[in-house]
file data_37.tsv (TSV, C-alpha atoms and all ligand atoms)
chain	number	residue	atom	x	y	z
R	13	MET	CA	122.16	83.50	166.96
R	14	ASN	CA	124.04	80.69	165.27
R	15	GLU	CA	125.34	82.42	162.14
R	16	ASN	CA	125.10	79.17	160.17
R	17	LEU	CA	121.34	79.67	160.24
R	18	ASN	CA	121.77	82.53	157.76
R	19	ASN	CA	122.34	79.81	155.15
R	20	VAL	CA	119.26	77.81	156.15
R	21	LYS	CA	115.99	78.28	154.35
R	22	ILE	CA	112.50	77.29	155.50
R	23	SER	CA	111.52	74.30	153.37
R	24	GLY	CA	110.02	75.30	150.01
R	25	ILE	CA	107.53	72.44	150.44
R	26	ARG	CA	106.24	73.99	153.70
R	27	ARG	CA	106.27	77.48	152.20
R	28	PHE	CA	104.10	76.36	149.32
R	29	PHE	CA	101.86	74.34	151.60
R	30	ASN	CA	101.16	77.50	153.64
R	31	LYS	CA	99.99	79.24	150.46
R	32	VAL	CA	97.69	76.29	149.68
R	33	LYS	CA	96.06	76.54	153.10
R	34	LYS	CA	94.91	80.07	152.26
R	35	VAL	CA	93.00	78.95	149.14
R	36	ASP	CA	89.49	77.80	150.01
R	37	GLY	CA	88.56	74.42	148.53
R	38	ALA	CA	92.01	73.75	147.05
R	39	ILE	CA	92.81	70.12	146.18
R	40	SER	CA	96.28	69.28	147.27
R	41	LEU	CA	98.65	66.81	145.65
R	42	THR	CA	101.46	68.01	147.87
R	43	LEU	CA	101.55	65.68	150.86
R	44	GLY	CA	104.32	63.19	151.41
R	45	GLU	CA	102.31	60.92	153.65
R	46	PRO	CA	100.30	57.83	152.74
R	47	ASP	CA	96.52	58.24	153.05
R	48	PHE	CA	96.01	54.67	154.32
R	49	LYS	CA	94.63	53.82	157.74
R	50	THR	CA	97.10	52.75	160.42
R	51	PRO	CA	97.46	48.95	160.23
R	52	LYS	CA	95.42	47.27	162.97
R	53	GLU	CA	98.44	45.36	164.28
R	54	ILE	CA	100.19	48.67	165.00
R	55	LYS	CA	97.12	50.09	166.73
R	56	TYR	CA	96.87	46.92	168.80
R	57	GLY	CA	100.56	47.09	169.79
R	58	MET	CA	100.20	50.71	170.87
R	59	ILE	CA	96.93	50.23	172.77
R	60	LYS	CA	98.33	47.20	174.58
R	61	ALA	CA	101.46	49.16	175.52
R	62	ILE	CA	99.35	52.00	176.94
R	63	GLU	CA	97.16	49.60	178.91
R	64	GLU	CA	100.26	47.93	180.32
R	65	ASP	CA	101.69	51.34	181.31
R	66	LYS	CA	104.68	50.97	179.02
R	67	THR	CA	104.89	54.73	179.03
R	68	VAL	CA	108.39	55.09	180.44
R	69	TYR	CA	111.82	55.66	178.85
R	70	THR	CA	113.15	52.79	176.81
R	71	ASP	CA	116.85	52.08	176.37
R	72	ASN	CA	118.53	55.03	174.57
R	73	PHE	CA	119.02	52.85	171.51
R	74	GLY	CA	115.37	51.73	171.61
R	75	LEU	CA	113.61	48.49	172.57
R	76	LEU	CA	115.83	45.49	172.21
R	77	GLU	CA	113.01	43.41	170.65
R	78	LEU	CA	112.37	46.10	168.07
R	79	ARG	CA	116.05	46.41	167.18
R	80	LYS	CA	116.14	42.64	166.75
R	81	GLU	CA	113.03	42.71	164.53
R	82	ILE	CA	114.50	45.52	162.38
R	83	SER	CA	117.73	43.53	162.03
R	84	THR	CA	115.69	40.52	160.81
R	85	TYR	CA	113.71	42.73	158.40
R	86	LEU	CA	116.91	44.23	156.94
R	87	ASN	CA	118.57	40.81	156.67
R	88	ARG	CA	115.64	39.61	154.56
R	89	ARG	CA	116.31	42.57	152.23
R	90	GLY	CA	119.97	41.56	151.89
R	91	ILE	CA	121.29	44.11	154.38
R	92	ASN	CA	123.28	42.79	157.31
R	93	TYR	CA	123.13	44.69	160.56
R	94	SER	CA	122.90	43.06	163.97
R	95	MET	CA	120.60	44.51	166.62
R	96	GLU	CA	123.67	46.05	168.30
R	97	GLU	CA	124.17	48.09	165.13
R	98	ILE	CA	120.68	49.67	165.21
R	99	CYS	CA	119.44	52.76	167.06
R	100	ILE	CA	115.74	53.68	167.06
R	101	THR	CA	115.19	57.40	166.38
R	102	VAL	CA	112.44	60.02	166.27
R	103	GLY	CA	111.56	59.33	162.64
R	104	GLY	CA	113.97	59.39	159.74
R	105	SER	CA	114.37	63.11	160.44
R	106	GLU	CA	116.20	62.63	163.73
R	107	ALA	CA	118.14	59.75	162.21
R	108	LEU	CA	119.45	62.13	159.54
R	109	TYR	CA	120.26	64.91	161.98
R	110	SER	CA	121.92	62.70	164.60
R	111	SER	CA	124.01	60.85	162.06
R	112	ILE	CA	125.12	63.82	159.96
R	113	SER	CA	125.89	65.94	163.03
R	114	SER	CA	128.03	63.21	164.54
R	115	LEU	CA	130.03	62.90	161.31
R	116	ILE	CA	130.93	66.32	160.04
R	117	ASN	CA	133.18	69.09	161.25
R	118	LYS	CA	133.05	72.75	160.18
R	119	ASN	CA	133.78	73.20	156.45
R	120	ASP	CA	133.69	69.45	155.72
R	121	LYS	CA	132.38	68.85	152.22
R	122	VAL	CA	129.30	66.73	151.71
R	123	LEU	CA	128.05	65.53	148.32
R	124	ILE	CA	124.30	65.98	148.05
R	125	PRO	CA	122.12	65.13	145.03
R	126	ASN	CA	120.38	67.98	143.23
R	127	PRO	CA	117.36	67.80	143.24
R	128	SER	CA	116.80	66.18	146.63
R	129	TYR	CA	114.88	66.22	149.89
R	130	PRO	CA	115.71	69.65	151.40
R	131	ALA	CA	116.73	68.35	154.86
R	132	TYR	CA	120.15	67.11	153.70
R	133	GLU	CA	121.41	70.46	152.49
R	134	ASN	CA	119.95	72.36	155.40
R	135	ILE	CA	121.31	70.01	158.08
R	136	VAL	CA	124.79	70.37	156.58
R	137	ASN	CA	124.34	74.15	156.54
R	138	ILE	CA	123.18	74.25	160.18
R	139	LEU	CA	126.32	72.35	161.11
R	140	GLY	CA	128.64	74.66	159.16
R	141	GLY	CA	129.60	72.04	156.59
R	142	GLU	CA	129.89	72.73	152.88
R	143	VAL	CA	127.33	71.35	150.43
R	144	ILE	CA	128.72	70.07	147.14
R	145	SER	CA	125.78	69.40	144.82
R	146	TYR	CA	125.94	66.59	142.30
R	147	ASN	CA	123.61	66.73	139.35
R	148	LEU	CA	121.44	64.00	137.95
R	149	ASN	CA	120.88	62.95	134.34
R	150	ASN	CA	117.55	63.49	132.57
R	151	ASP	CA	116.32	60.12	133.81
R	152	PHE	CA	117.38	61.15	137.35
R	153	SER	CA	120.22	58.64	137.43
R	154	ILE	CA	123.58	59.79	138.80
R	155	ASN	CA	125.83	61.71	136.44
R	156	PHE	CA	129.01	59.71	137.16
R	157	ASN	CA	131.24	61.84	134.93
R	158	GLU	CA	130.42	64.89	136.96
R	159	LEU	CA	130.66	62.99	140.23
R	160	ASN	CA	134.14	61.74	139.30
R	161	GLU	CA	135.28	65.25	138.40
R	162	LEU	CA	134.02	66.62	141.71
R	163	LEU	CA	135.75	63.88	143.67
R	164	LYS	CA	139.03	64.49	141.84
R	165	LYS	CA	138.86	68.25	142.32
R	166	GLU	CA	137.57	68.59	145.88
R	167	ASP	CA	138.55	66.99	149.15
R	168	ILE	CA	135.21	65.30	149.84
R	169	LYS	CA	134.64	62.88	152.71
R	170	TYR	CA	130.88	62.41	152.78
R	171	MET	CA	128.07	61.63	150.42
R	172	VAL	CA	124.29	61.47	150.75
R	173	LEU	CA	122.29	58.97	148.71
R	174	SER	CA	118.51	58.95	148.61
R	175	TYR	CA	116.70	55.96	147.04
R	176	PRO	CA	113.84	55.48	146.35
R	177	CYS	CA	113.97	59.19	145.73
R	178	ASN	CA	111.83	62.06	146.96
R	179	PRO	CA	111.01	63.95	144.67
R	180	THR	CA	111.85	61.97	141.50
R	181	GLY	CA	110.67	58.42	142.33
R	182	ALA	CA	113.95	57.02	140.96
R	183	VAL	CA	115.48	53.90	142.50
R	184	LEU	CA	119.08	52.73	142.45
R	185	LYS	CA	119.80	50.58	139.36
R	186	LYS	CA	122.22	47.65	139.31
R	187	ASN	CA	124.79	49.47	137.12
R	188	GLU	CA	124.68	52.56	139.34
R	189	TYR	CA	125.06	50.35	142.40
R	190	ASN	CA	128.23	48.80	140.94
R	191	LYS	CA	129.70	52.17	139.98
R	192	LEU	CA	128.90	53.62	143.39
R	193	ILE	CA	130.56	50.77	145.24
R	194	ASP	CA	133.73	51.43	143.15
R	195	LEU	CA	133.65	55.15	143.91
R	196	ILE	CA	132.99	54.71	147.62
R	197	ARG	CA	135.95	52.34	147.83
R	198	ARG	CA	138.26	54.45	145.69
R	199	TYR	CA	137.64	57.68	147.61
R	200	ASN	CA	136.88	56.03	150.95
R	201	LEU	CA	133.66	58.04	151.19
R	202	ILE	CA	131.36	57.82	154.16
R	203	VAL	CA	127.84	57.53	152.82
R	204	VAL	CA	124.56	58.40	154.51
R	205	THR	CA	121.97	56.42	152.57
R	206	ASP	CA	118.43	57.61	153.27
R	207	GLU	CA	116.12	54.69	152.46
R	208	ILE	CA	112.98	55.84	154.17
R	209	TYR	CA	110.94	54.79	151.07
R	210	GLU	CA	112.60	51.38	150.78
R	211	ALA	CA	109.29	49.51	151.33
R	212	PHE	CA	107.86	51.23	148.26
R	213	CYS	CA	110.36	50.11	145.67
R	214	TYR	CA	108.56	48.81	142.54
R	215	ASP	CA	111.66	47.53	140.82
R	216	ASN	CA	114.58	45.35	141.94
R	217	TYR	CA	115.90	46.80	145.14
R	218	TYR	CA	119.59	47.75	145.39
R	219	SER	CA	121.25	49.52	148.27
R	220	VAL	CA	124.92	50.32	148.85
R	221	ALA	CA	124.30	48.84	152.32
R	222	MET	CA	124.11	45.39	150.68
R	223	CYS	CA	127.85	45.35	150.03
R	224	ASN	CA	129.50	43.92	153.15
R	225	GLU	CA	133.02	44.94	152.07
R	226	ILE	CA	132.12	48.62	152.43
R	227	LYS	CA	130.03	48.25	155.57
R	228	GLU	CA	132.39	50.58	157.46
R	229	ASN	CA	131.56	53.32	154.94
R	230	ILE	CA	127.78	53.20	155.27
R	231	ILE	CA	125.25	54.82	157.58
R	232	TYR	CA	121.78	53.48	156.73
R	233	ILE	CA	118.70	55.60	157.53
R	234	GLY	CA	115.32	53.87	157.66
R	235	GLY	CA	111.90	54.46	159.15
R	236	PHE	CA	108.28	53.53	159.43
R	237	SER	CA	106.43	56.83	158.80
R	238	LYS	CA	105.82	55.99	155.16
R	239	MET	CA	105.99	52.20	155.26
R	240	PHE	CA	103.25	51.83	157.89
R	241	SER	CA	101.40	55.08	157.14
R	242	ILE	CA	102.22	56.45	160.63
R	243	THR	CA	103.91	59.79	159.99
R	244	GLY	CA	102.75	61.18	163.36
R	245	ILE	CA	104.08	58.32	165.46
R	246	ARG	CA	107.72	59.26	164.75
R	247	ILE	CA	109.71	56.04	164.60
R	248	GLY	CA	112.79	55.67	162.42
R	249	PHE	CA	116.23	54.15	162.85
R	250	ILE	CA	119.92	54.31	162.05
R	251	ALA	CA	121.85	51.16	161.18
R	252	ALA	CA	125.63	51.47	161.16
R	253	ALA	CA	128.81	49.74	162.25
R	254	GLU	CA	129.24	49.97	166.02
R	255	LYS	CA	132.18	52.40	165.76
R	256	TYR	CA	129.75	54.97	164.28
R	257	LEU	CA	126.72	54.04	166.29
R	258	LYS	CA	128.42	54.58	169.64
R	259	GLU	CA	129.30	58.15	168.60
R	260	ILE	CA	125.91	58.83	167.01
R	261	ALA	CA	124.31	57.62	170.24
R	262	LYS	CA	125.88	60.56	172.10
R	263	VAL	CA	124.04	63.05	169.90
R	264	HIS	CA	120.84	60.98	169.98
R	265	GLN	CA	120.96	60.63	173.77
R	266	TYR	CA	121.47	64.30	174.57
R	267	ASN	CA	118.92	65.27	171.96
R	268	VAL	CA	115.95	62.98	172.65
R	269	SER	CA	116.98	60.38	175.31
R	270	CYS	CA	114.90	57.84	173.42
R	271	THR	CA	111.99	57.86	171.01
R	272	ASN	CA	108.43	57.33	172.23
R	273	SER	CA	107.87	53.96	173.84
R	274	ILE	CA	104.27	53.46	172.66
R	275	GLY	CA	105.17	53.92	169.00
R	276	GLN	CA	108.04	51.46	169.35
R	277	TYR	CA	105.67	48.78	170.66
R	278	GLY	CA	103.29	49.52	167.78
R	279	VAL	CA	106.02	49.15	165.15
R	280	LEU	CA	107.25	45.97	166.83
R	281	GLU	CA	103.81	44.41	166.39
R	282	GLY	CA	103.62	45.77	162.82
R	283	LEU	CA	106.93	44.20	161.82
R	284	LYS	CA	106.02	40.89	163.40
R	285	TYR	CA	102.47	40.48	162.13
R	286	GLY	CA	101.50	43.39	159.87
R	287	LEU	CA	103.84	43.41	156.88
R	288	TYR	CA	101.03	42.19	154.59
R	289	ASN	CA	99.52	45.71	154.95
R	290	VAL	CA	102.63	47.17	153.33
R	291	GLU	CA	102.23	44.83	150.35
R	292	LYS	CA	98.62	46.03	149.93
R	293	MET	CA	99.67	49.68	150.08
R	294	LYS	CA	102.41	49.02	147.55
R	295	GLU	CA	99.94	47.44	145.12
R	296	GLU	CA	97.64	50.44	145.43
R	297	PHE	CA	100.54	52.84	144.89
R	298	ILE	CA	101.49	50.97	141.71
R	299	ASN	CA	97.88	51.33	140.41
R	300	ARG	CA	97.88	55.02	141.18
R	301	LYS	CA	101.32	55.55	139.67
R	302	THR	CA	100.17	53.96	136.41
R	303	TYR	CA	97.01	56.07	136.37
R	304	VAL	CA	98.79	59.37	137.09
R	305	GLU	CA	101.63	58.65	134.68
R	306	ASN	CA	99.20	57.81	131.84
R	307	ARG	CA	97.16	60.94	132.46
R	308	LEU	CA	100.21	63.22	132.57
R	309	THR	CA	101.68	61.67	129.43
R	310	ALA	CA	98.34	62.14	127.63
R	311	MET	CA	98.50	65.84	128.61
R	312	GLY	CA	101.83	66.08	126.78
R	313	LEU	CA	104.01	66.23	129.90
R	314	LYS	CA	107.27	64.34	129.78
R	315	CYS	CA	107.44	61.99	132.75
R	316	PHE	CA	110.25	59.82	133.97
R	317	SER	CA	108.47	56.65	135.06
R	318	PRO	CA	108.95	56.38	138.83
R	319	SER	CA	110.05	53.04	140.30
R	320	GLY	CA	109.60	53.88	143.95
R	321	ALA	CA	108.30	56.22	146.68
R	322	PHE	CA	104.94	57.85	145.85
R	323	TYR	CA	105.89	60.87	143.79
R	324	ILE	CA	106.05	61.65	140.12
R	325	PHE	CA	108.14	64.55	138.80
R	326	PRO	CA	106.92	65.61	135.34
R	327	SER	CA	108.82	68.19	133.31
R	328	ILE	CA	107.12	71.52	132.59
R	329	LYS	CA	110.11	72.90	130.68
R	330	GLN	CA	108.11	73.28	127.44
R	331	PHE	CA	106.03	76.09	128.98
R	332	ASN	CA	109.00	78.37	129.68
R	333	ILE	CA	107.77	79.45	133.09
R	334	SER	CA	109.33	78.75	136.47
R	335	SER	CA	107.99	75.86	138.50
R	336	GLU	CA	106.92	78.32	141.22
R	337	GLU	CA	104.91	80.38	138.70
R	338	PHE	CA	103.39	77.21	137.21
R	339	CYS	CA	102.26	76.00	140.64
R	340	GLU	CA	101.00	79.40	141.79
R	341	ASN	CA	98.92	79.88	138.64
R	342	LEU	CA	97.59	76.32	138.84
R	343	LEU	CA	96.53	77.00	142.41
R	344	LYS	CA	94.97	80.36	141.54
R	345	GLU	CA	93.17	79.23	138.39
R	346	GLU	CA	92.22	75.62	139.10
R	347	LYS	CA	92.67	75.31	142.87
R	348	VAL	CA	95.04	72.39	142.55
R	349	ALA	CA	98.31	72.31	144.46
R	350	CYS	CA	101.57	70.59	143.48
R	351	VAL	CA	105.04	71.37	144.82
R	352	PRO	CA	107.37	73.46	142.60
R	353	GLY	CA	110.44	71.44	141.66
R	354	SER	CA	112.66	74.34	142.74
R	355	ALA	CA	111.78	73.46	146.37
R	356	PHE	CA	114.23	70.54	145.91
R	357	GLY	CA	117.16	72.61	144.64
R	358	SER	CA	118.17	74.24	141.37
R	359	GLY	CA	118.14	70.82	139.67
R	360	GLY	CA	114.39	70.61	140.33
R	361	GLU	CA	113.62	73.77	138.33
R	362	GLY	CA	111.49	72.92	135.31
R	363	TYR	CA	109.63	70.15	137.14
R	364	VAL	CA	106.74	69.83	139.58
R	365	ARG	CA	106.27	67.19	142.25
R	366	ILE	CA	102.94	65.40	142.32
R	367	SER	CA	102.24	63.08	145.23
R	368	TYR	CA	99.88	60.14	144.63
R	369	CYS	CA	99.06	59.64	148.30
R	370	TYR	CA	95.44	60.23	147.32
R	371	SER	CA	92.60	57.98	146.17
R	372	ILE	CA	92.12	57.43	142.42
R	373	GLU	CA	88.87	59.43	142.70
R	374	GLU	CA	90.68	62.42	144.22
R	375	LEU	CA	93.51	62.08	141.73
R	376	GLU	CA	91.03	62.05	138.85
R	377	ILE	CA	89.39	65.30	139.96
R	378	ALA	CA	92.75	67.00	140.50
R	379	LEU	CA	94.19	65.77	137.19
R	380	ASN	CA	91.11	66.93	135.26
R	381	SER	CA	91.74	70.41	136.63
R	382	LEU	CA	95.46	70.18	135.89
R	383	GLU	CA	94.59	69.21	132.31
R	384	LYS	CA	92.34	72.26	131.94
R	385	TYR	CA	95.16	74.50	133.18
R	386	ILE	CA	97.76	72.89	130.92
R	387	ASN	CA	95.54	73.35	127.87
R	388	THR	CA	95.66	77.11	128.49
R	389	LEU	CA	99.46	77.02	128.28
R	390	TYR	CA	99.84	75.41	124.84
A	401	LIG	N1	113.81	61.34	154.12
A	401	LIG	C1	113.00	61.62	153.09
A	401	LIG	C2	113.54	61.47	151.71
A	401	LIG	C3	111.69	62.06	153.31
A	401	LIG	O1	110.91	62.33	152.27
A	401	LIG	C4	111.24	62.19	154.65
A	401	LIG	C5	109.84	62.68	154.97
A	401	LIG	N2	109.21	63.45	154.06
A	401	LIG	C6	112.12	61.88	155.69
A	401	LIG	C7	113.40	61.45	155.39
A	401	LIG	C8	111.73	62.01	157.14
A	401	LIG	O2	110.70	61.18	157.50
A	401	LIG	P1	110.20	60.93	158.98
A	401	LIG	O3	110.95	61.83	159.89
A	401	LIG	O4	108.74	61.19	158.99
A	401	LIG	O5	110.49	59.49	159.25
call {"tool": "encode", "arguments": {"input": "data_37.tsv", "output": "structure tokens", "more": "lines below"}}
Ligand code: PMP
result
Amino acid sequence: MNENLNNVKISGIRRFFNKVKKVDGAISLTLGEPDFKTPKEIKYGMIKAIEEDKTVYTDNFGLLELRKEISTYLNRRGINYSMEEICITVGGSEALYSSISSLINKNDKVLIPNPSYPAYENIVNILGGEVISYNLNNDFSINFNELNELLKKEDIKYMVLSYPCNPTGAVLKKNEYNKLIDLIRRYNLIVVTDEIYEAFCYDNYYSVAMCNEIKENIIYIGGFSKMFSITGIRIGFIAAAEKYLKEIAKVHQYNVSCTNSIGQYGVLEGLKYGLYNVEKMKEEFINRKTYVENRLTAMGLKCFSPSGAFYIFPSIKQFNISSEEFCENLLKEEKVACVPGSAFGSGGEGYVRISYCYSIEELEIALNSLEKYINTLY
């Protein structure tokens, strides 16, 4: 077997989810997928494609019309990539794997935020690279002092950014954006910026991909699983300067040939005519965020107010138990499931991740039970 796999763990999110499945009647606040119906424009695009037998391979890079539409969408967000600089992938997941695996060599060092989405660390481990964790401040902003020290000390070529953030809900702030641009320039870092939650940013949106002068340093990862509530359709993309994309395309081609044609036609229709659905989802997420945040604060939990994605990451440090123990007891005693913060790395210990991809009614029931459990801990 590939000995690198000895360093790869099964995702803590999955592991916990498997425990939840065994508890009859458990209410889960664990899922990272919107609960909204698929927008009708996307359904229409897919049905039409099936009826027209568009069930064959597309270009390796994806449908030209879709690449053009994504380029227009990004341009409206202040991010300049032409359609030639975009490759459609099997979700954000394949985008991450194909891009990271075409960048790094054995033992290359990659800066990864801690806590963060577990795929980054594990992809680097599968590839035999070395993970260098960078910690976040209490408000989940980047600890630039530490980052500077790491960059001075170690020979680091790559960095992963993840905004809006799973699990913390943090977004990139203007001052962090400016500092990051400086750092990327100074150390000539190549950055993989995972912006799969970009459509659900409730604050001003900043991305290092907006800075044209460092375009050659950026690999942008995007996708439609979350934005269009179509996690099972598997459409994402990579946007990067052509010098990267032509290399990434080799990995993508020999891995998947192309992503599914039907889904691509669906997303094409969604981008052209269905973006108003995303605005509606965003409004609903903001309502839910406010509700959940108020309830958690009233329970005495310290919450950093999320500005994006659909997660909140309250601290449970005052109870002096591990996040795994907290979640297991909550599941056992009140049949409510949240994800232990430790599933996102050592920096997530002392927190739990609550997803608000559930209706207010479901959230209310789950939070009432969480409140009952918390009251037993004081
Ligand atoms: N990045 C982040 C931060 C995620 O949370 C996810 C999904 N949970 C992905 C990438 C991958 O998404 P998908 O493959 O469904 O597009």
call {"tool": "closest_residue", "arguments": {"input": "data_37.tsv", "among": "R:Ile116, R:Ile25, R:Cys223, R:Ile82", "to": "ligand LIG 401 (chain A)", "atoms": "all atoms listed in the file"}}
result
R:Ile25
call {"tool": "closest_atom_pairs", "arguments": {"input": "data_37.tsv", "of": "chain R", "to": "ligand LIG 401 (chain A)", "cutoff": "8 Å", "atoms": "only C-alpha atoms and all ligand atoms", "output": "CSV"}}
result
residue,atom,partner,partner_atom,distance
R:Gly44,CA,A:LIG401,N2,5.6
R:Glu45,CA,A:LIG401,N2,7.4
R:Val102,CA,A:LIG401,O3,6.8
R:Gly103,CA,A:LIG401,O5,3.6
R:Gly104,CA,A:LIG401,O5,3.5
R:Ser105,CA,A:LIG401,O3,3.7
R:Glu106,CA,A:LIG401,O3,6.6
R:Ala107,CA,A:LIG401,O3,7.8
R:Leu108,CA,A:LIG401,C7,7.4
R:Ser128,CA,A:LIG401,C2,7.7
R:Tyr129,CA,A:LIG401,C2,5.3
R:Ala131,CA,A:LIG401,N1,7.6
R:Ser174,CA,A:LIG401,C2,6.4
R:Tyr175,CA,A:LIG401,C2,7.9
R:Cys177,CA,A:LIG401,C2,6.4
R:Asn178,CA,A:LIG401,C2,5.1
R:Pro179,CA,A:LIG401,O1,7.8
R:Asp206,CA,A:LIG401,N1,6.0
R:Glu207,CA,A:LIG401,N1,7.2
R:Ile208,CA,A:LIG401,N1,5.6
R:Tyr209,CA,A:LIG401,C2,7.2
R:Gly234,CA,A:LIG401,O5,7.6
R:Gly235,CA,A:LIG401,O5,5.2
R:Phe236,CA,A:LIG401,O5,6.4
R:Ser237,CA,A:LIG401,O5,4.9
R:Lys238,CA,A:LIG401,O4,7.1
R:Thr243,CA,A:LIG401,O4,5.1
R:Gly244,CA,A:LIG401,O4,7.4
R:Arg246,CA,A:LIG401,O4,6.2
R:Ile247,CA,A:LIG401,O5,6.4
R:Gly248,CA,A:LIG401,O5,5.5
call {"tool": "closest_residue", "arguments": {"input": "data_37.tsv", "among": "R:Ile242, R:Val204, R:Val290, R:Ala321", "to": "R:Tyr368", "atoms": "only C-alpha atoms"}}
result
R:Ala321
call {"tool": "atom_distance", "arguments": {"input": "data_37.tsv", "atom1": "atom CA of R:Cys213", "atom2": "atom CA of R:Phe325"}}
result
16.1 Å
call {"tool": "closest_residue", "arguments": {"input": "data_37.tsv", "among": "R:Ile98, R:Val364, R:Ile230, R:Phe331", "to": "R:Thr388", "atoms": "only C-alpha atoms"}}
result
R:Phe331
call {"tool": "atom_distance", "arguments": {"input": "data_37.tsv", "atom1": "atom CA of R:Glu53", "atom2": "atom CA of R:Asp65"}}
result
18.3 Å
call {"tool": "closest_residue", "arguments": {"input": "data_37.tsv", "among": "R:Ile233, R:Ala252, R:Ile366, R:Asn126", "to": "R:Glu305", "atoms": "only C-alpha atoms"}}
result
R:Ile366
call {"tool": "atom_distance", "arguments": {"input": "data_37.tsv", "atom1": "atom CA of R:Ile202", "atom2": "atom CA of R:Leu257"}}
result
13.5 Å
call {"tool": "closest_residue", "arguments": {"input": "data_37.tsv", "among": "R:Thr67, R:Thr101, R:Ser317, R:Ser219", "to": "R:Asn150", "atoms": "all atoms listed in the file"}}
result
R:Ser317
call {"tool": "closest_residue", "arguments": {"input": "data_37.tsv", "among": "R:Leu41, R:Leu280, R:Ile377, R:Ile138", "to": "R:Lys21", "atoms": "only C-alpha atoms"}}
result
R:Ile138
call {"tool": "residues_around", "arguments": {"input": "data_37.tsv", "residues": "R:Ile144", "least_positions_apart": "5", "cutoff": "9 Å", "atoms": "all atoms listed in the file", "output": "ChimeraX atom specification"}}
result
/R:121-125,162,168
call {"tool": "axis_aligned_box", "arguments": {"input": "data_37.tsv", "around": "stretch 34-50 of chain R", "padding_each_side": "3 Å", "output": "JSON"}}
result
{"center_x": 96.4, "center_y": 66.4, "center_z": 153.0, "size_x": 21.8, "size_y": 33.3, "size_z": 20.8}
